[in-house]
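Trainee: A single structure is presented below for examination.
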Amino acid sequence: MDTKAFKRSLQRSEKYHRKGFGHDEEVSGVMNSAYQSSLIQEIRDLNYTLTRGDVTIRLAEAFGFCWGVERAVAIAYETRQHFPTERIWITNEIIHNPGVNQHLREMNVDFIDVKNGEKDFSGVGNGDVVILPAFGATVQEMQLLDEKGCTIVDTTCPWVAKVWNSVEKHKKADYTSIIHGKYKHEETLATSSFAGKYLVILNMKEAEYVADYILNGGDKQEFMAKFANATSAGFDPDRDLQRLGIANQTTMLKSETEQLGKLFERTMMKKYGPDKLNEHFMAFNTICDATQERQDAMLNLVEDRLDLMVVIGGFNSSNTTHLQEIAIERGIPSYHIDSPDRILPGNRIEHKPLNKDIEIQDNWLPEGKIIVGVTSGASTPDRAVEEILEKIFAQKAAVVV
């Protein structure tokens with residue numbers, strides 16, 4: 001299907017909305033009371049450092065809600081205001097934050113059920129309102145909702161839409177899109193739906209495998225087994241790795257996306273020669289500014305002495321996980337939590353180690369004076385960070401030394 005033409009047609013429809021509905025005043029009050037924090041503002045004013053008792057908090061200088069996330073949440077709240085009686089659905093979590101999504105449920109916004117790994121749209125009817133989250137939705141989902149006669153409220157982050165435009169350009173020029181991302185992630189699923197031929201690559205190890213295949217050939221059956229769920233229909237590595245365009249899931253590590261792009265640029269140059277590079281390689285800068293700012297702030301924070309690091313955000317939040325990786329690479333004890341409830345009585349914390357299941361750590365706050373680094377992913381409101389800091393202060397004060 002001509003995805004670009006479909007998107008243009010959809011955007012001209014009276015049932016498609018990409019902006020708010022003029023309820024800024026009502027929504028700003030809810031947003032401020034639910035998500036803003038006087039404590040966090042105080043820490044910002046104190047050069048991102050606050051000491052209480054034996055605890056010094058060092059806050060990253062860029063963290064939490066980004067513009068795209070705040071915009072998506074505000075539009076979702078406005079949608080409920082604008083359509084007070086209609087049934088409202090959302091195709092996925094509005095953002096990767098359990099508190100925000102629960103708030104939407106309390107506003108009678110229904111989430112599309114997932115059955116046997118597939119979204120079930122059977123309950124959505126003509127005239128229903130459907131919100132597309134900040135990560136976007138696949139073009140197939142948009143087409144289905146359009147055919148059902150739904151009103152579509154699209155909160156897709158403009159940075160995500162920028163990546164879609166890039167893979168559209170790859171497709172038009174008959175390049176295969178190499179998408180740096182997680183093939184199951186909602187954003188990557190949406191991006192790949194706008195691509196023609198594509199291959200989703202998770203990390204540099206996979207990228208090096210693909211680069212070696214381009215230069216030296218290899219076992220096609222092994223290649224396809226390795227990327228069984230990460231390629232476009234009918235993908236043939238011998239045919240489809242001759243012209244490459246680079247794209248990314250906007251929440252991936254900036255440094256890794258850049259390394260991946262440079263690897264494939266060198267690979268195509270070596271394979272076809274410097275004079276033929278532009279015929280075989282295409283790259284656009286699709287790294288999200290907000291993701292980059294949070295990663296840079298985290299890199300600055302871990303340069304200082306920290307006794308431990310608390311990373312706050314949804315467990316399925318890719319940008320939060322990458323912040324945690326930065327602390328782990330520096331050997332700093334790191335605790336990824338998604339809500340204040342994860343801090344348990346008795347100096348215990350329920351957290352998710354990188355690439356592991358949730359576990360409980362006893363005696364997680366050391367004795368004596370400590371410096372705690374704190375950051376949060378782009379889907380985490382300041383109010384959640386405040387509640388976690390207050391729990392840390394209270395728990396440390398209660399620790400018997």
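Chain labels follow the order of the structure tokens: the first chain is A, the next B, and so on; residue numbering restarts at 1 in every chain, and ligands are counted from 1 in their shown order.
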Within 10 Å of segment 136-142 of chain A, counting only C-alpha atoms, which residues qualify if same-chain residues fewer than 2 places away don't, as JSON, numbers by chain?

Mentor: {"A": [1, 3, 4, 6, 7, 10, 91, 92, 94, 119, 121, 130, 131, 132, 133, 134, 144, 145, 146, 147, 148, 150, 152, 154, 155, 156, 157, 158, 160, 161, 164, 186, 187, 188, 189, 190, 191, 192, 193, 194]}

Trainee: Using only C-alpha atoms, which residues of segment 315-370 of chain A come within 12 Å of segment 173-185 of chain A, and what is the closest atom pair for each, with the distance in Å to one decimal? Give it as JSON lines, sorted by chain and residue number.

Mentor:
```
{"residue": "A:Asn316", "atom": "CA", "partner": "A:His185", "partner_atom": "CA", "distance": 8.9}
{"residue": "A:Ser317", "atom": "CA", "partner": "A:His185", "partner_atom": "CA", "distance": 9.4}
{"residue": "A:Ser318", "atom": "CA", "partner": "A:His185", "partner_atom": "CA", "distance": 8.4}
{"residue": "A:Asn319", "atom": "CA", "partner": "A:Gly181", "partner_atom": "CA", "distance": 11.1}
{"residue": "A:His322", "atom": "CA", "partner": "A:Gly181", "partner_atom": "CA", "distance": 11.9}
```

Trainee: Taking only C-alpha atoms into account, which of A:Met107, A:Ile326, A:Val200, A:Ile95 comes nearest Gln81 of chain A?

Mentor: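 Among the listed residues, A:Met107 lies closest to Gln81 of chain A.
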
Trainee: From a DSSP pass on the backbone, collect the residues of segment 265-397 of chain A flagged as alpha helix (DSSP H) and hand them back as number ranges by chain.

Mentor: A: 265-272, 277-280, 289-301, 318-329, 382-397

Trainee: Residues within 9 Å of Leu263 of chain A, please, as JSON, numbers by chain. Count only C-alpha atoms; anything in the same chain fewer than 4 positions from it doesn't count.

Mentor: {"A": [204, 207, 208, 211, 258, 259, 267, 268]}

Trainee: If we count only C-alpha atoms, what is near Val374 of chain A at a cut-off of 7 Å, once residues fewer than 3 positions away on the same chain are taken out, given as a list in words?

Mentor: Ile57, Arg58, Leu59, Ala60, Met309, Val310 and Val311 of chain A

Trainee: Store the residues picked out above in a file with N, CA, C and O atoms, as a compact mmCIF listing (two decimals), in the first residue's frame.

Mentor:
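Done, and the output landed in again09.txt:
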```
# COMPACT_ATOMS: atom_id res chain seq x y z
N ILE A 57 21.08 14.11 47.45
CA ILE A 57 20.50 13.74 46.16
C ILE A 57 21.18 14.56 45.08
O ILE A 57 21.29 15.78 45.17
N ARG A 58 21.69 13.89 44.07
CA ARG A 58 22.22 14.55 42.88
C ARG A 58 21.28 14.21 41.73
O ARG A 58 21.17 13.06 41.32
N LEU A 59 20.59 15.20 41.24
CA LEU A 59 19.60 15.01 40.19
C LEU A 59 20.22 15.32 38.83
O LEU A 59 20.95 16.31 38.69
N ALA A 60 19.97 14.47 37.84
CA ALA A 60 20.45 14.76 36.48
C ALA A 60 19.84 16.08 36.02
O ALA A 60 18.71 16.42 36.39
N MET A 309 22.65 4.64 42.28
CA MET A 309 21.86 5.36 41.28
C MET A 309 20.43 4.82 41.30
O MET A 309 20.21 3.61 41.32
N VAL A 310 19.46 5.73 41.31
CA VAL A 310 18.05 5.35 41.18
C VAL A 310 17.55 5.87 39.84
O VAL A 310 17.63 7.07 39.56
N VAL A 311 17.08 4.95 39.01
CA VAL A 311 16.56 5.29 37.69
C VAL A 311 15.07 5.00 37.69
O VAL A 311 14.64 3.88 37.96
```

Trainee: Which one is closest to Ala5 of chain A: A:Asn248, A:Asn347, A:Gln143, A:Asn116? Count only C-alpha atoms.

Mentor: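 Of the candidates, the smallest distance to Ala5 of chain A is held by A:Gln143.
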
Trainee: Determine, using only C-alpha atoms, which residues of segment 368-398 of chain A have any atom at most 12 Å from an atom of segment 40-49 of chain A, and tabulate each with its shortest atom pair and distance in Å to one decimal place, rows ordered by chain and then rising number, as a tab-separated table.

Mentor:
```
residue	atom	partner	partner_atom	distance
A:Ile371	CA	A:Thr49	CA	9.8
A:Val372	CA	A:Thr49	CA	9.9
A:Gly373	CA	A:Thr49	CA	9.5
A:Val374	CA	A:Tyr48	CA	9.9
A:Thr375	CA	A:Tyr48	CA	10.9
A:Ser376	CA	A:Ile40	CA	12.0
A:Pro381	CA	A:Ile40	CA	10.4
A:Asp382	CA	A:Ile40	CA	6.6
A:Arg383	CA	A:Ile40	CA	8.0
A:Ala384	CA	A:Ile40	CA	10.1
A:Val385	CA	A:Ile40	CA	7.7
A:Glu386	CA	A:Ile40	CA	6.3
A:Glu387	CA	A:Ile40	CA	10.1
A:Ile388	CA	A:Ile40	CA	11.1
A:Leu389	CA	A:Ile40	CA	9.4
A:Glu390	CA	A:Ile40	CA	10.9
```

Trainee: Choose the residue, out of A:Ala225, A:Leu308, A:Asn97, A:Ala195, that has the smallest atom-to-atom separation from Lys172 of chain A; count only C-alpha atoms.

Mentor: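 Result for the nearest residue to Lys172 of chain A: A:Ala195.
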
Trainee: Can you work out the spacing between atom CA of Ile349 of chain A and atom CA of Ile328 of chain A in Å, to one decimal?

Mentor: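 Atom-to-atom, atom CA of Ile349 of chain A to atom CA of Ile328 of chain A, that is 17.5 Å.
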